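Colleague: This is work23.csv (CSV, C-alpha atoms).
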```
chain,number,residue,atom,x,y,z
S,91,MET,CA,14.4,24.4,-55.5
S,92,SER,CA,11.4,22.9,-53.9
S,93,GLU,CA,8.9,20.7,-55.8
S,94,ALA,CA,6.3,23.5,-55.5
S,95,LEU,CA,8.7,26.0,-57.1
S,96,ALA,CA,9.3,23.6,-59.9
S,97,MET,CA,5.7,24.2,-60.9
S,98,MET,CA,6.4,27.9,-61.6
S,99,PRO,CA,6.7,28.8,-65.4
S,100,GLN,CA,10.2,29.4,-66.7
S,101,ARG,CA,9.3,32.2,-69.1
S,102,THR,CA,11.7,33.9,-71.5
S,103,GLY,CA,9.6,37.0,-72.0
S,104,TYR,CA,8.1,38.3,-68.7
S,105,LEU,CA,10.6,37.1,-66.1
S,106,GLN,CA,13.7,38.0,-67.9
S,107,ALA,CA,12.5,41.4,-69.2
S,108,MET,CA,11.5,42.7,-65.7
S,109,PRO,CA,13.5,45.6,-64.2
S,110,ALA,CA,15.8,44.6,-61.3
S,111,LYS,CA,13.5,46.0,-58.6
S,112,ALA,CA,10.5,43.9,-59.7
S,113,VAL,CA,9.1,41.4,-57.2
S,114,PHE,CA,8.1,38.6,-59.5
S,115,SER,CA,11.3,36.5,-59.4
S,116,LEU,CA,11.6,32.9,-58.5
S,117,SER,CA,14.0,33.7,-55.6
S,118,LEU,CA,11.5,36.1,-54.1
S,119,PHE,CA,8.7,33.7,-54.6
S,120,ASP,CA,10.7,31.2,-52.7
S,121,SER,CA,10.8,33.6,-49.8
S,122,PHE,CA,7.0,34.0,-50.1
S,123,ILE,CA,6.6,30.3,-49.9
S,124,ASP,CA,8.8,30.1,-46.8
S,125,TYR,CA,6.6,32.8,-45.2
S,126,THR,CA,3.4,31.0,-45.8
S,127,ASP,CA,4.6,28.0,-43.8
S,128,ARG,CA,2.0,25.6,-45.1
S,129,LYS,CA,1.8,22.0,-46.2
S,130,GLU,CA,3.2,21.0,-49.6
S,131,THR,CA,-0.3,20.6,-51.0
S,132,THR,CA,-1.2,24.2,-50.0
S,133,ILE,CA,2.1,25.5,-51.4
S,134,LYS,CA,1.3,23.8,-54.7
S,135,GLY,CA,-2.1,25.5,-54.6
S,136,TYR,CA,-0.4,28.9,-54.2
S,137,CYS,CA,1.9,28.1,-57.1
S,138,THR,CA,-0.9,27.2,-59.4
S,139,CYS,CA,-2.7,30.5,-58.6
S,140,ILE,CA,0.4,32.7,-58.9
S,141,LYS,CA,1.4,30.9,-62.2
S,142,GLN,CA,-2.0,31.8,-63.7
S,143,PHE,CA,-1.4,35.5,-62.7
S,144,ILE,CA,2.1,35.5,-64.1
S,145,LYS,CA,0.8,34.1,-67.4
S,146,TRP,CA,-1.8,36.9,-67.6
S,147,LEU,CA,0.9,39.6,-66.8
S,148,ASP,CA,3.2,38.1,-69.5
S,149,ALA,CA,0.3,38.0,-72.1
S,150,ASN,CA,-0.5,41.7,-71.4
S,151,ASN,CA,3.2,42.9,-71.2
S,152,ILE,CA,2.8,44.1,-67.6
S,153,TYR,CA,6.1,44.3,-65.8
S,154,GLN,CA,5.2,46.6,-62.9
S,155,PRO,CA,1.7,45.7,-61.7
S,156,GLU,CA,-0.5,48.6,-60.5
S,157,ARG,CA,-3.9,48.7,-58.9
S,158,ASN,CA,-5.8,49.0,-62.2
S,159,HIS,CA,-4.0,45.9,-63.4
S,160,ILE,CA,-5.3,43.8,-60.5
S,161,LYS,CA,-8.8,45.0,-61.2
S,162,ALA,CA,-8.3,44.0,-64.9
S,163,TYR,CA,-7.1,40.6,-63.8
S,164,ARG,CA,-10.2,40.2,-61.6
S,165,ASP,CA,-12.4,41.1,-64.6
S,166,TYR,CA,-10.5,38.6,-66.7
S,167,LEU,CA,-11.2,35.9,-64.2
S,168,ALA,CA,-14.9,36.8,-64.1
S,169,GLY,CA,-15.1,36.5,-67.8
S,170,SER,CA,-13.5,33.0,-67.9
S,171,ASN,CA,-15.1,29.6,-67.5
S,172,LEU,CA,-13.8,29.2,-64.0
S,173,SER,CA,-16.3,28.7,-61.1
S,174,THR,CA,-16.8,31.6,-58.7
S,175,GLY,CA,-14.9,29.6,-56.1
S,176,THR,CA,-11.9,29.1,-58.3
S,177,GLN,CA,-11.9,32.8,-59.3
S,178,ALA,CA,-12.0,33.8,-55.6
S,179,GLN,CA,-9.1,31.4,-54.9
S,180,TYR,CA,-6.9,32.8,-57.7
S,181,LEU,CA,-7.5,36.4,-56.6
S,182,ARG,CA,-7.0,35.6,-53.0
S,183,ALA,CA,-3.6,34.2,-53.7
S,184,VAL,CA,-2.6,37.3,-55.5
S,185,LYS,CA,-3.9,39.5,-52.7
S,186,HIS,CA,-2.0,37.4,-50.2
S,187,PHE,CA,1.2,37.8,-52.2
S,188,PHE,CA,1.0,41.6,-52.4
S,189,LYS,CA,0.1,41.8,-48.8
S,190,TRP,CA,3.4,40.0,-48.1
S,191,THR,CA,5.4,42.2,-50.4
S,192,ALA,CA,4.1,45.3,-48.7
S,193,ALA,CA,4.8,44.0,-45.3
S,194,GLU,CA,8.3,43.2,-46.3
S,195,GLY,CA,8.8,46.6,-47.9
S,196,LEU,CA,9.4,45.1,-51.3
S,197,TYR,CA,6.4,46.3,-53.3
S,198,PRO,CA,3.2,48.3,-52.5
S,199,ASN,CA,0.0,46.3,-51.9
S,200,VAL,CA,-1.7,47.1,-55.2
S,201,ALA,CA,-4.3,44.5,-54.5
S,202,GLU,CA,-5.5,45.9,-51.2
S,203,ASN,CA,-9.3,46.2,-50.8
S,204,ILE,CA,-10.0,44.7,-54.3
S,205,HIS,CA,-13.0,42.4,-54.1
S,206,GLY,CA,-13.7,39.5,-56.4
S,207,ALA,CA,-16.4,37.0,-56.9
S,208,LYS,CA,-18.6,36.4,-53.9
S,209,VAL,CA,-19.0,32.8,-52.8
S,210,LYS,CA,-21.9,32.0,-50.5
S,211,ASN,CA,-20.5,30.1,-47.6
S,212,ASP,CA,-23.9,28.9,-46.5
S,213,CYS,CA,-24.8,27.3,-49.8
S,214,HIS,CA,-23.8,23.7,-49.9
S,215,LYS,CA,-23.5,22.7,-53.6
S,216,LYS,CA,-24.3,19.0,-53.2
S,217,ASP,CA,-27.6,17.5,-52.3
S,218,ALA,CA,-28.1,14.4,-50.1
S,219,LEU,CA,-29.8,11.3,-51.5
S,220,PRO,CA,-33.4,10.5,-50.6
S,221,ARG,CA,-33.3,8.3,-47.6
S,222,ASN,CA,-35.3,5.5,-49.3
S,223,SER,CA,-32.8,5.2,-52.1
S,224,VAL,CA,-29.7,4.3,-50.1
S,225,GLU,CA,-30.5,0.6,-49.6
S,226,PRO,CA,-31.8,0.0,-53.2
S,227,ILE,CA,-28.6,1.4,-54.6
S,228,ALA,CA,-26.5,-0.8,-52.4
S,229,LYS,CA,-28.4,-3.9,-53.5
S,230,LYS,CA,-27.9,-3.2,-57.2
S,231,ILE,CA,-24.1,-3.3,-56.9
S,232,ASP,CA,-22.7,-6.4,-58.5
S,233,ARG,CA,-20.4,-8.0,-56.0
S,234,SER,CA,-19.3,-11.0,-58.0
S,235,ASN,CA,-15.9,-9.6,-58.7
S,236,GLU,CA,-13.1,-7.6,-57.0
S,237,ALA,CA,-14.2,-4.3,-58.5
S,238,GLY,CA,-17.8,-4.8,-57.4
S,239,CYS,CA,-16.9,-5.7,-53.8
S,240,ARG,CA,-14.6,-2.7,-53.6
S,241,LEU,CA,-17.3,-0.3,-54.9
S,242,TYR,CA,-19.8,-1.8,-52.4
S,243,ALA,CA,-17.5,-1.3,-49.5
S,244,ILE,CA,-16.6,2.2,-50.5
S,245,TYR,CA,-20.2,3.1,-51.1
S,246,LEU,CA,-21.1,2.0,-47.5
S,247,LEU,CA,-18.1,3.9,-46.0
S,248,CYS,CA,-19.3,7.1,-47.7
S,249,VAL,CA,-23.1,6.9,-47.3
S,250,LYS,CA,-23.2,5.4,-43.8
S,251,CYS,CA,-19.9,6.3,-42.2
S,252,GLY,CA,-19.6,9.7,-43.9
S,253,LEU,CA,-16.0,9.2,-45.1
S,254,ARG,CA,-14.4,11.6,-47.6
S,255,THR,CA,-12.8,10.3,-50.7
S,256,ILE,CA,-9.4,11.5,-49.5
S,257,GLU,CA,-9.9,9.5,-46.2
S,258,ILE,CA,-10.6,6.4,-48.2
S,259,ASN,CA,-7.6,7.0,-50.4
S,260,ARG,CA,-5.3,7.4,-47.4
S,261,ALA,CA,-6.6,4.3,-45.5
S,262,ASP,CA,-4.4,1.3,-45.0
S,263,VAL,CA,-5.5,-2.2,-43.9
S,264,GLY,CA,-3.7,-1.8,-40.6
S,265,ASP,CA,-5.7,1.3,-39.8
S,266,ILE,CA,-8.6,-1.0,-38.8
S,267,LYS,CA,-8.4,-1.5,-35.0
S,268,VAL,CA,-10.5,-3.7,-32.7
S,269,ILE,CA,-11.4,-1.9,-29.4
S,270,ASP,CA,-13.6,-3.8,-26.9
S,271,GLY,CA,-14.8,-6.1,-29.6
S,272,ASP,CA,-15.8,-3.2,-32.0
S,273,HIS,CA,-14.0,-2.4,-35.2
S,274,TYR,CA,-12.9,1.1,-36.0
S,275,LEU,CA,-11.2,2.6,-39.1
S,276,TYR,CA,-8.7,5.3,-38.1
S,277,VAL,CA,-8.7,7.9,-40.8
S,278,GLN,CA,-6.7,11.1,-41.5
S,279,PRO,CA,-9.3,13.8,-42.0
S,280,LYS,CA,-8.8,16.9,-44.1
S,281,GLY,CA,-6.4,19.3,-42.3
S,282,HIS,CA,-5.0,16.6,-40.0
S,283,ASP,CA,-1.4,15.4,-40.0
S,284,SER,CA,-2.1,11.9,-38.7
S,285,LYS,CA,-4.8,9.2,-38.7
S,286,ASP,CA,-6.4,10.2,-35.4
S,287,SER,CA,-10.1,10.0,-36.2
S,288,PRO,CA,-11.9,6.7,-35.5
S,289,LYS,CA,-14.9,5.7,-37.6
S,290,TYR,CA,-17.0,2.9,-36.2
S,291,LEU,CA,-17.5,0.0,-38.7
S,292,PHE,CA,-20.8,-1.6,-37.9
S,293,PRO,CA,-21.1,-5.2,-39.0
S,294,GLU,CA,-22.5,-4.5,-42.5
S,295,VAL,CA,-19.6,-2.3,-43.3
S,296,ARG,CA,-17.0,-4.5,-41.7
S,297,VAL,CA,-18.2,-7.6,-43.6
S,298,ALA,CA,-18.2,-5.6,-46.9
S,299,ILE,CA,-14.5,-4.7,-46.3
S,300,ASP,CA,-13.6,-8.3,-45.3
S,301,ASP,CA,-15.3,-9.7,-48.4
S,302,TYR,CA,-13.3,-7.3,-50.5
S,303,LEU,CA,-10.0,-8.1,-48.9
S,304,LYS,CA,-10.6,-11.8,-49.3
S,305,ILE,CA,-11.2,-11.5,-53.0
S,306,ARG,CA,-8.3,-9.2,-53.7
S,307,THR,CA,-5.7,-10.8,-56.0
S,308,GLU,CA,-2.6,-9.7,-54.3
S,309,LYS,CA,-1.3,-10.5,-50.8
S,310,VAL,CA,-2.7,-8.2,-48.1
S,311,THR,CA,-0.6,-7.0,-45.2
S,312,PRO,CA,-1.4,-4.3,-42.5
S,313,ARG,CA,0.7,-1.8,-44.5
S,314,SER,CA,-1.2,-2.5,-47.7
S,315,PRO,CA,-3.6,0.3,-49.0
S,316,LEU,CA,-7.1,-0.6,-47.8
S,317,PHE,CA,-8.4,0.0,-51.4
S,318,THR,CA,-6.2,-0.6,-54.5
S,319,SER,CA,-6.5,0.1,-58.2
S,320,THR,CA,-7.6,-2.8,-60.3
S,321,SER,CA,-6.3,-1.4,-63.6
S,322,ASN,CA,-3.0,0.2,-62.7
S,323,ARG,CA,-0.9,-1.9,-60.4
S,324,LYS,CA,2.6,-0.7,-61.3
S,325,GLY,CA,3.7,-0.1,-57.7
S,326,HIS,CA,5.1,-3.0,-55.7
S,327,ASP,CA,6.4,-3.5,-52.2
S,328,LYS,CA,9.7,-5.2,-51.3
S,329,ASN,CA,8.0,-8.6,-51.6
S,330,GLY,CA,6.8,-7.9,-55.1
S,331,ASN,CA,3.1,-7.4,-54.2
S,332,PRO,CA,1.1,-4.7,-56.0
S,333,THR,CA,0.5,-1.7,-53.8
S,334,SER,CA,-1.2,0.8,-56.2
S,335,ARG,CA,-3.5,2.9,-54.0
S,336,ILE,CA,-6.9,3.8,-55.5
S,337,ALA,CA,-7.0,7.5,-56.6
S,338,THR,CA,-9.6,9.9,-55.2
S,339,THR,CA,-10.6,10.7,-58.8
S,340,THR,CA,-11.4,7.0,-59.4
S,341,ILE,CA,-13.5,6.9,-56.3
S,342,SER,CA,-15.4,10.0,-57.2
S,343,THR,CA,-15.9,8.8,-60.8
S,344,GLN,CA,-17.2,5.4,-59.9
S,345,LEU,CA,-19.6,6.7,-57.2
S,346,LYS,CA,-20.9,9.3,-59.6
S,347,SER,CA,-21.5,6.5,-62.3
S,348,LEU,CA,-23.2,4.5,-59.6
S,349,LEU,CA,-25.6,7.3,-58.9
S,350,VAL,CA,-26.3,8.0,-62.6
S,351,ASP,CA,-26.9,4.3,-63.3
S,352,ASN,CA,-29.6,4.4,-60.5
S,353,GLY,CA,-31.4,7.4,-62.0
S,354,PHE,CA,-29.7,10.2,-60.0
S,355,ASP,CA,-28.2,12.2,-62.8
S,356,SER,CA,-27.7,15.7,-61.5
S,357,ASP,CA,-24.7,18.0,-61.1
S,358,ARG,CA,-25.7,18.4,-57.5
S,359,LEU,CA,-25.4,14.7,-56.8
S,360,THR,CA,-21.8,13.5,-56.6
S,361,ALA,CA,-19.6,11.3,-54.4
S,362,HIS,CA,-19.8,14.0,-51.8
S,363,SER,CA,-23.6,13.7,-51.7
S,364,LEU,CA,-23.1,10.4,-50.0
S,365,ARG,CA,-21.3,12.1,-47.1
S,366,ALA,CA,-24.0,14.7,-47.1
S,367,THR,CA,-26.5,11.9,-46.8
S,368,ALA,CA,-24.8,10.5,-43.7
S,369,ALA,CA,-24.9,13.9,-42.1
S,370,THR,CA,-28.6,14.6,-42.8
S,371,THR,CA,-29.6,11.1,-41.9
S,372,ALA,CA,-27.8,11.4,-38.5
S,373,PHE,CA,-29.7,14.6,-37.7
S,374,GLU,CA,-33.0,13.1,-38.8
S,375,ALA,CA,-32.3,10.0,-36.6
S,376,GLY,CA,-32.3,12.3,-33.6
S,377,LEU,CA,-28.6,13.3,-33.0
S,378,THR,CA,-28.0,16.9,-31.9
S,379,LEU,CA,-26.2,19.4,-34.1
S,380,PHE,CA,-23.1,19.0,-31.8
S,381,GLU,CA,-23.2,15.2,-32.2
S,382,VAL,CA,-23.5,15.4,-36.0
S,383,GLN,CA,-20.6,17.9,-36.0
S,384,GLN,CA,-18.4,15.4,-34.1
S,385,LEU,CA,-19.6,12.5,-36.2
S,386,MET,CA,-18.7,14.2,-39.5
S,387,GLY,CA,-15.4,15.7,-38.2
S,388,HIS,CA,-16.4,19.3,-38.9
S,389,CYS,CA,-14.2,21.9,-37.2
S,390,ASP,CA,-16.9,24.6,-37.6
S,391,PRO,CA,-20.5,23.8,-36.6
S,392,ALA,CA,-21.5,26.2,-39.4
S,393,THR,CA,-20.4,23.5,-41.9
S,394,THR,CA,-22.6,21.0,-40.3
S,395,GLU,CA,-25.5,23.4,-40.4
S,396,ILE,CA,-25.1,23.7,-44.1
S,397,TYR,CA,-25.9,20.1,-44.7
S,398,ILE,CA,-29.0,20.2,-42.4
S,399,LYS,CA,-30.2,23.6,-43.5
S,400,ASP,CA,-30.2,22.7,-47.1
S,401,GLN,CA,-32.2,19.5,-46.5
S,402,ASN,CA,-34.7,21.2,-44.3
S,403,GLN,CA,-35.0,24.0,-46.8
S,404,LEU,CA,-36.0,21.6,-49.5
S,405,SER,CA,-38.6,19.9,-47.3
S,406,ILE,CA,-40.1,23.2,-46.2
S,407,GLU,CA,-40.1,24.5,-49.7
S,408,LYS,CA,-42.0,21.5,-51.1
S,409,LYS,CA,-44.5,21.4,-48.2
S,410,GLY,CA,-45.1,25.1,-48.3
S,411,ARG,CA,-45.6,25.5,-52.0
S,412,THR,CA,-47.9,22.4,-52.1
S,413,ALA,CA,-50.0,23.9,-49.2
S,414,ILE,CA,-50.3,27.2,-51.1
S,415,ASP,CA,-51.4,25.4,-54.3
S,416,LYS,CA,-54.0,23.3,-52.4
S,417,TYR,CA,-55.3,26.2,-50.5
S,418,LEU,CA,-55.8,28.3,-53.6
S,419,LYS,CA,-57.7,25.4,-55.2
S,420,GLY,CA,-59.9,25.1,-52.2
S,421,GLU,CA,-58.5,21.7,-51.3
S,422,LEU,CA,-57.0,22.9,-48.0
S,423,HIS,CA,-59.2,24.6,-45.4
S,424,ASN,CA,-58.1,26.8,-42.6
S,425,ASP,CA,-60.1,26.1,-39.5
S,426,ILE,CA,-58.4,28.7,-37.3
S,427,LEU,CA,-60.8,31.4,-36.1
S,428,PRO,CA,-60.1,34.8,-37.7
S,429,GLU,CA,-59.2,36.5,-34.4
S,430,LEU,CA,-56.8,33.6,-33.5
S,431,GLU,CA,-55.3,33.7,-37.0
S,432,ALA,CA,-54.5,37.4,-36.6
S,433,GLU,CA,-52.9,36.7,-33.2
S,434,LEU,CA,-50.9,33.9,-34.6
S,435,PHE,CA,-49.5,36.0,-37.5
S,436,ALA,CA,-48.5,38.7,-34.9
S,437,MET,CA,-46.3,36.2,-33.1
S,438,THR,CA,-42.6,35.9,-33.7
S,439,THR,CA,-41.2,32.6,-35.1
S,440,GLU,CA,-39.9,31.7,-31.6
S,441,GLN,CA,-43.3,32.4,-30.1
S,442,GLN,CA,-45.0,30.2,-32.7
S,443,LYS,CA,-42.6,27.4,-32.0
S,444,ALA,CA,-43.2,27.7,-28.3
S,445,LEU,CA,-47.0,27.6,-28.9
S,446,LEU,CA,-46.6,24.5,-31.1
S,447,ALA,CA,-44.5,22.8,-28.4
S,448,GLN,CA,-47.1,23.6,-25.8
S,449,ILE,CA,-49.9,22.1,-28.0
S,450,ARG,CA,-47.9,18.9,-28.6
S,451,ALA,CA,-47.2,18.6,-24.8
S,452,GLU,CA,-50.9,19.0,-24.0
S,453,LYS,CA,-51.9,16.4,-26.6
S,454,ALA,CA,-49.2,14.0,-25.2
S,455,ARG,CA,-50.6,14.4,-21.7
S,456,GLY,CA,-54.1,13.8,-23.0
S,457,LYS,CA,-53.1,10.4,-24.4
S,458,GLU,CA,-51.6,9.3,-21.1
```
Show me, as structure tokens, the structure contained in the file I just sent.
Modeller:
Amino acid sequence: MSEALAMMPQRTGYLQAMPAKAVFSLSLFDSFIDYTDRKETTIKGYCTCIKQFIKWLDANNIYQPERNHIKAYRDYLAGSNLSTGTQAQYLRAVKHFFKWTAAEGLYPNVAENIHGAKVKNDCHKKDALPRNSVEPIAKKIDRSNEAGCRLYAIYLLCVKCGLRTIEINRADVGDIKVIDGDHYLYVQPKGHDSKDSPKYLFPEVRVAIDDYLKIRTEKVTPRSPLFTSTSNRKGHDKNGNPTSRIATTTISTQLKSLLVDNGFDSDRLTAHSLRATAATTAFEAGLTLFEVQQLMGHCDPATTEIYIKDQNQLSIEKKGRTAIDKYLKGELHNDILPELEAELFAMTTEQQKALLAQIRAEKARGKE
């Protein structure tokens, strides 16, 4: 039995009491896993979701699930403390399972066309840091010890190189390559099977990593993890050197604490906010949407747009509301002639943008 199947509950009530034709048996679930043909981490995700569903069936003495049972399960998830994203994930796994049973002629698709919690795909849940806060935060990190040097290097990799915590976790010392005199860290992005994505290490980041590696207590080799744990070093290589790789949870927790210590205490500001900061800063610095997409390693440009859209939305929101307040108080005057104002409001957004571009071009020519 695979490691993923080992996660399934060995229940004495529900699984053993089911009639012979029922589909929820470990052997059939094994076939379902083979059908999905996914990575082990994805399979574990399916197991977690299905396990939750089986527990609910067992608690409600349901041995032959019907459509009304799937709806009841959906409502049960909606009433739990789970986030909408997790609810959707749990229900999606159940729907995928029943779609498979129906396709194989094993059990009807009782979950077909049942909709759960809606998750807005265009709503990025983490904010970027204000641009003027990035350097002050870096300067406040105490680099007098190994843990401090490690945190400083990780912070720069996230906020300036846009790395994910999982990419930092997977990185080895030997993944740093020198090409034409420049240093690159080859990382394994989310969804990739190998370390095939180079991230340029400009001097500040490279020096931070070098300083950390120099202060590390154990011997460092090309096969050593780039960042190791300072509190749990139980793993050792054949030469007896500690090799405990830093966990993604440790990275996230320490970066979150760093933000809180610097006055950024918000549930919308996490370790991932540093990656968002890298994306929005790149766009503000003049890179095109395509270039930012390539820089961040997004498969879908829509993902890149989420970062940029949210940041622009906040800027427009603040500017617009402030203008309304000042105008109502008489502090802001509209010098546009009434007839031109009416014509302006009749224009489409694209026409207004074209007009503004024309005005800027004329002003630029006037300065020449």
Colleague: Tell me, in Å to one decimal, how far atom CA of Val268 of chain S is from atom CA of Lys289 of chain S.
Modeller: 11.5 Å
Colleague: What does the distance between atom CA of Val263 of chain S and atom CA of Phe292 of chain S come to in Å, to one decimal place?
Modeller: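 About the pair atom CA of Val263 of chain S and atom CA of Phe292 of chain S: they are 16.4 Å apart.
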Colleague: Using Å and a single decimal, report how far atom CA of Arg157 of chain S sits from atom CA of Phe187 of chain S.
Modeller: 13.8 Å
Colleague: With distances taken over all atoms listed in the file, which residue among S:Leu446, S:Met437, S:Ala368, S:Val224 lies nearest Asn352 of chain S?
Modeller: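 Ranked by minimum distance to Asn352 of chain S, first place goes to S:Val224.
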Colleague: Residues of segment 222-270 of chain S that approach segment 374-388 of chain S to 9 Å or less, counting only C-alpha atoms: could you list each one with the shortest pair of atoms and its distance in Å to one decimal, rows by chain and increasing residue number, as a Markdown table?
Modeller:
```
| residue | atom | partner | partner_atom | distance |
| --- | --- | --- | --- | --- |
| S:Cys251 | CA | S:Met386 | CA | 8.4 |
| S:Gly252 | CA | S:Met386 | CA | 6.4 |
| S:Leu253 | CA | S:Met386 | CA | 8.0 |
```
Colleague: May I have the residues within 12 Å of Tyr242 of chain S as a count of residues only, using all atoms listed in the file and disregarding those fewer than 6 positions away in the same chain?
Modeller: 29
Colleague: Measuring between all atoms listed in the file, which one of S:Lys346, S:Arg221, S:Arg164, S:His159 shows the shortest distance to Tyr245 of chain S?
Modeller: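 Smallest separation from Tyr245 of chain S among the options: S:Lys346.
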Colleague: Excluding same-chain residues fewer than 5 positions from Thr360 of chain S, what lies within 10 Å of it counting all atoms listed in the file, as a VMD selection string?
Modeller: chain S and resid 215 to 219 342 to 350 354 to 355 365 to 366
Colleague: When you look at Asp286 of chain S with a cut-off of 12 Å (counting all atoms listed in the file), what residues show up, excluding the ones that are within fewer than 2 positions of it in the same chain? I need them as a ChimeraX atom specification.
Modeller: /S:257,261,265-267,274-284,288-289,387
